[in-house]
Amino acid sequence: MLVKTGRQYKCYQHNVPNGTEMLIDTKKYRLILDTILNIIILTAYGILAQESLYLILDLNHLPCLKKTKIPLNNYKNKIDHDHLLYRFQIRNRTMKTSFFIAIILFLFIVLGFHSTFANEQVLLEQIKRMQTNIDSQNGLPWGTHGVAKGYHSNFEKGTRVHPTRAAMDYAAYFLASPLKEHQNQGRTLLEKVLALQDKNPESKTFGVWSWYAEESLAQMAYVDYNWADFQGAILAVILHDFSDRLSVELREKAKKSLEYCCRAIIKRNVGPGYTNIAVMGAVVTATAGEILETPEFLDYGRKRIQRNLDYYKETGGFNEYNSPTYTMTVIYELERMLYLVSDSECRAVATELLGEAWKIVAEHYHVPTGEWAGPHARSYSDRLSQQTRNGILTRACVLPENTVIDSVPLVPMVSVPNTLQHFFTEIPEHPVERCSVFVKRRPEFNVSGTTWMDSTATLGTATYHTFWEQNRGFIGYWTSSGLPTPVLRLRFLHNGSDFSSAWGRHRQSGTKIVSAIGLLKDQGSMHPIFDRPGKTGIFNAKSFQIIYQLEAQDATVKTLDSNRFELTAGTIRAAVHVADNCSFDNATIIWKTEQKDHFAAVIGVCYEGEEKAFPFREMGEIRIGTALELLHPDDKPSESPVKLVESDFETKEDGKFYGVLWPEVNDNKPLLAPLKPTNR
C-alpha cells in the first residue's frame, strides 16, 4: 500500500490479512490536511472493497498525550511499546461509512473556515495598503505614468497621476470587504470612476475612459480604446458579485456603464489577432449579456470567443506569442468567463482555450530558474514578477510552503490541467528544444520560435522580431548562486532606448544562434506607431547601438579577440561572435565592451556623436551579422568565424539582400537580410 506523507511516498506492509492499513505519523502534524485526504481515500477504498480498515496512530511525538492519564500502556491494540504505535480496526461497513462521512464533514468545516478566515484577513490587509494610496483631496488612488511621453498620454514618464483603471479596481476590492466602512468607500469610488466614462453616443470614444482623471480623452496623445474592455471586465465582477451592496441608483448607473462598454467593444470589433483584447472583449460582452439580459451582447460574446479558438487552431498559437503578460491575461479572462458566464457554449470554448493557453505556459516554464523561457512577443519586464510566478505556481498546485500571499483575486483561480502539472515541477534531465510556429501567414511571413532548455539554462529566439521595448525576441536565463536570475538579451538602441524601427532575424540550433539585424522605414522609435517620423522617414540620433547585455549580480565581460567576446555569470558563459566589416549606413561598426554593477555588455557602435539626421528612405547599406553560443563550464567557444556573404536574392519591395553564415548553425544556407531599410 502506497501512502503519501507530505511530499514523500512510502510503502508500508503489515501482516494484516484482507485489510487496508494506513500509518498516521503525528510528527507530520503540519501536513494534517494531507493526512485527512489520505484517510478519506483509504476509507472509501475499504468501503468499496468490503475490507477492514486499520488506522495505525503514532503517538510518540505527541508529548501532550504522553503526559495525560490515559492508560495507553494497557491498550490492547498497542503494537509497539517503545514507539507508542496503536492500531485501531474499523470492521463494520456502517461504521466505516459513518467514519468516512464524518471525516469529510470535518475537512469541509476546517478548510472552509480556515480558507474564508485567511482570505478575509489577506483582503483586509490588502485594502489597508490601498487606503494609504488614496488621495485625501479627491478620493482617488494615486499612480505613476510609467512610460514615455506620447505613449497614449502626454504626461512625462514618472508624473504622479490618478489612474481610472486603478480606481475601478479599488472600488471592486472595497466592495468585496465584509466591513461596512470599506463598502461605503467602494461605492464612493465607483461613483467617481463611472462619472469619468464618455457617455455621449455620438462621440468617437463613447464607452471609453481616459487613462488618468486629470487628463481627458481629448487631451490624450492617443486614446486607448482598450479601457472599455479593462473597465468593463471589472465592472462585470462588481455587478455579478456585489450588486446587492449598491444602491438602486448606483446599480443602474453601473449597468448603463457596462452597456456603454459593450457598445464600444462591439463597434471596435477587434479581431482575434489582438490576442488579449480579443478574449477580454468576448468575456465582457458575454457576461453583460447575462447580467443585463441582453441577448445581443451574449450572442456577440459567444461568437467572438469561438473566433478566438478557431484562429488559435488555424494559426497554431496567439499572435502575441508566448507572452508572459498577455498569455496570463488570457488565462485570467477565461477564468473570469468560467466564473461569470453560465452559457454552455461560452464555457465549453473557454475551457478548451484555457487548456491551450496553459500548454504554452507549461512548455516554456523553466523550473530551475523559475522564469518563463523565451522568445516573448510582448513583455513588460525581463523577469517574471513574483506575483505572476505565484499565480502560476498556485494554479499548478506547487506553490512553495510559507509563500507570503498578500492579495486575493476577485475571480476564483482555475487549476492547471492535470496533464500539464508535471511541467512545473520537473527539471529537464536532458536538453529540450521546442520549435513552434507562432504566427502563421504566408510561409515567408511566418514567425517561428525556438526554445532550448536544460537543467541550468534556457535560451530562446524568434525567427523575426522588432526591437520594440515590449519585444523579447532574443532572451536567455540561467541559474546562479546570486539573485536575481541572470538575464541575457540582444537589443538595438536609439539614443539609449529600445528602437522599434530595427529588427532581428535569427536561426537557432540548441545553444547556438546566428543573427542578422536590419531597419524598418515605416515604424516609430519608442513605439511602432505613435512616434513615426512621417513621410520624410528621418530619425535624429546621437547614437545607434547593437547590444548583447547580461544582467546578473556577478556579470562580467572579456574580449577573446577582435571578433569574439565572452559574457559570464556564475558558471555559464555566453560567447558573442561578430563578423568582419559589419556596417551601418556604409560606416564600419566599432565593437567594444562595457561593465558596471550587475551589468556587462558587448556593444556594436553604429553611430555615436553629435545629433545627426538619418533619412531611412535614403540610407546607405546595412550589413550586420553576429552569433552567440551558450557555454557550460567545460565548453570552449567556437573558433569558426561569422561571415557576411553576397546574395543574388532580390525582391521588388526590399531590393538586394546579403547573407550571414556561421558554420556552427548554417554552413550551407545563409540567413538572408535586405541591405536597405524595408517596409516591414
# chains A, B, ... in the order shown; residues from 1 in each chain; ligands from 1
call {"tool": "select_by_dssp", "arguments": {"residues": "range 102-292 of chain A", "states": "alpha helix (DSSP H)", "output": "ChimeraX atom specification"}}
result
/A:102-131,164-176,180-194,227-241,248-268,275-291
call {"tool": "residues_around", "arguments": {"residues": "range 663-669 of chain A", "least_positions_apart": "6", "cutoff": "8 Å", "atoms": "only C-alpha atoms", "output": "ChimeraX atom specification"}}
result
/A:507-509,512-514,638,640-642
call {"tool": "atom_distance", "arguments": {"atom1": "CA of Asp554 in chain A", "atom2": "CA of Val602 in chain A"}}
result
15.8 Å
call {"tool": "residues_around", "arguments": {"residues": "Thr536 in chain A", "least_positions_apart": "6", "cutoff": "10 Å", "atoms": "only C-alpha atoms", "output": "JSON, numbers by chain"}}
result
{"A": [521, 614, 615, 616, 617, 618]}
call {"tool": "atom_distance", "arguments": {"atom1": "CA of Gln185 in chain A", "atom2": "CA of Ala171 in chain A"}}
result
7.5 Å
call {"tool": "select_by_dssp", "arguments": {"residues": "range 149-283 of chain A", "states": "strand (DSSP E or B)", "output": "list in words"}}
result
Arg160, Val161, Pro163, Tyr212 and Glu215 of chain A
call {"tool": "closest_residue", "arguments": {"among": "A:Gly625, A:Leu567, A:Asn471, A:Ala541", "to": "Ala613 in chain A", "atoms": "only C-alpha atoms"}}
result
A:Ala541
call {"tool": "residues_around", "arguments": {"residues": "His465 in chain A", "least_positions_apart": "6", "cutoff": "12 Å", "atoms": "only C-alpha atoms", "output": "PyMOL selection string"}}
result
chain A and resi 320-321+375-378+438-439+445-449+471-474+490-492+499-506+515-520+528+680
call {"tool": "atom_distance", "arguments": {"atom1": "CA of Pro272 in chain A", "atom2": "CA of Lys303 in chain A"}}
result
11.3 Å
call {"tool": "residues_around", "arguments": {"residues": "His577 in chain A", "least_positions_apart": "3", "cutoff": "8 Å", "atoms": "only C-alpha atoms", "output": "number ranges by chain"}}
result
A: 563-565, 626-628, 641-642
call {"tool": "closest_atom_pairs", "arguments": {"of": "range 111-196 of chain A", "to": "range 385-406 of chain A", "cutoff": "10 Å", "atoms": "only C-alpha atoms", "output": "CSV"}}
result
residue,atom,partner,partner_atom,distance
A:Asn119,CA,A:Ile405,CA,9.5
A:Gln121,CA,A:Asp406,CA,9.6
A:Val122,CA,A:Asp406,CA,6.0
A:Leu123,CA,A:Asp406,CA,8.0
A:Leu124,CA,A:Asp406,CA,10.0
A:Glu125,CA,A:Asp406,CA,7.6
A:Gln126,CA,A:Asp406,CA,6.6
call {"tool": "closest_atom_pairs", "arguments": {"of": "range 332-351 of chain A", "to": "range 225-239 of chain A", "cutoff": "9 Å", "atoms": "only C-alpha atoms", "output": "tab-separated table"}}
result
residue	atom	partner	partner_atom	distance
A:Glu333	CA	A:Ala233	CA	8.2
A:Arg336	CA	A:Ala233	CA	8.3
A:Leu340	CA	A:Val237	CA	7.5
call {"tool": "closest_residue", "arguments": {"among": "A:Tyr222, A:Lys558, A:Leu631, A:Tyr312", "to": "Gly570 in chain A", "atoms": "only C-alpha atoms"}}
result
A:Leu631
call {"tool": "closest_residue", "arguments": {"among": "A:Thr588, A:Thr159, A:Ser153, A:Gln197", "to": "Lys256 in chain A", "atoms": "only C-alpha atoms"}}
result
A:Gln197
call {"tool": "closest_residue", "arguments": {"among": "A:Asp580, A:Asp648, A:Glu566, A:Glu371", "to": "Ala600 in chain A", "atoms": "only C-alpha atoms"}}
result
A:Glu566
call {"tool": "residues_around", "arguments": {"residues": "Ala362 in chain A", "least_positions_apart": "6", "cutoff": "7 Å", "atoms": "only C-alpha atoms", "output": "ChimeraX atom specification"}}
result
/A:420,423-424
call {"tool": "write_last_selection", "arguments": {"atoms": "all heavy atoms", "output": "PDB file, in the first residue's frame"}}
result
ATOM      1  N   LEU A 420      -0.682  18.697 -17.480  1.00  0.00           N
ATOM      2  CA  LEU A 420       0.388  19.681 -17.649  1.00  0.00           C
ATOM      3  C   LEU A 420       1.110  20.020 -16.351  1.00  0.00           C
ATOM      4  O   LEU A 420       2.130  20.706 -16.373  1.00  0.00           O
ATOM      5  CB  LEU A 420      -0.181  20.968 -18.249  1.00  0.00           C
ATOM      6  CG  LEU A 420      -0.828  20.870 -19.639  1.00  0.00           C
ATOM      7  CD1 LEU A 420      -1.452  22.211 -20.021  1.00  0.00           C
ATOM      8  CD2 LEU A 420       0.195  20.449 -20.687  1.00  0.00           C
ATOM      9  N   PHE A 423       5.018  19.783 -15.713  1.00  0.00           N
ATOM     10  CA  PHE A 423       5.950  20.747 -16.289  1.00  0.00           C
ATOM     11  C   PHE A 423       6.446  21.755 -15.248  1.00  0.00           C
ATOM     12  O   PHE A 423       7.493  22.370 -15.437  1.00  0.00           O
ATOM     13  CB  PHE A 423       5.282  21.516 -17.434  1.00  0.00           C
ATOM     14  CG  PHE A 423       5.199  20.765 -18.730  1.00  0.00           C
ATOM     15  CD1 PHE A 423       4.027  20.124 -19.096  1.00  0.00           C
ATOM     16  CD2 PHE A 423       6.283  20.686 -19.585  1.00  0.00           C
ATOM     17  CE1 PHE A 423       3.923  19.433 -20.299  1.00  0.00           C
ATOM     18  CE2 PHE A 423       6.212  19.994 -20.785  1.00  0.00           C
ATOM     19  CZ  PHE A 423       5.024  19.361 -21.145  1.00  0.00           C
ATOM     20  N   PHE A 424       5.690  21.938 -14.171  1.00  0.00           N
ATOM     21  CA  PHE A 424       6.017  22.962 -13.181  1.00  0.00           C
ATOM     22  C   PHE A 424       6.828  22.412 -12.006  1.00  0.00           C
ATOM     23  O   PHE A 424       7.114  23.136 -11.061  1.00  0.00           O
ATOM     24  CB  PHE A 424       4.728  23.630 -12.691  1.00  0.00           C
ATOM     25  CG  PHE A 424       3.965  24.304 -13.796  1.00  0.00           C
ATOM     26  CD1 PHE A 424       2.942  23.636 -14.452  1.00  0.00           C
ATOM     27  CD2 PHE A 424       4.303  25.577 -14.212  1.00  0.00           C
ATOM     28  CE1 PHE A 424       2.254  24.241 -15.493  1.00  0.00           C
ATOM     29  CE2 PHE A 424       3.630  26.188 -15.257  1.00  0.00           C
ATOM     30  CZ  PHE A 424       2.606  25.517 -15.900  1.00  0.00           C
TER      31      PHE A 424
END
call {"tool": "closest_residue", "arguments": {"among": "A:Lys149, A:Ala172, A:Gly158, A:Pro674", "to": "Ser243 in chain A", "atoms": "only C-alpha atoms"}}
result
A:Ala172
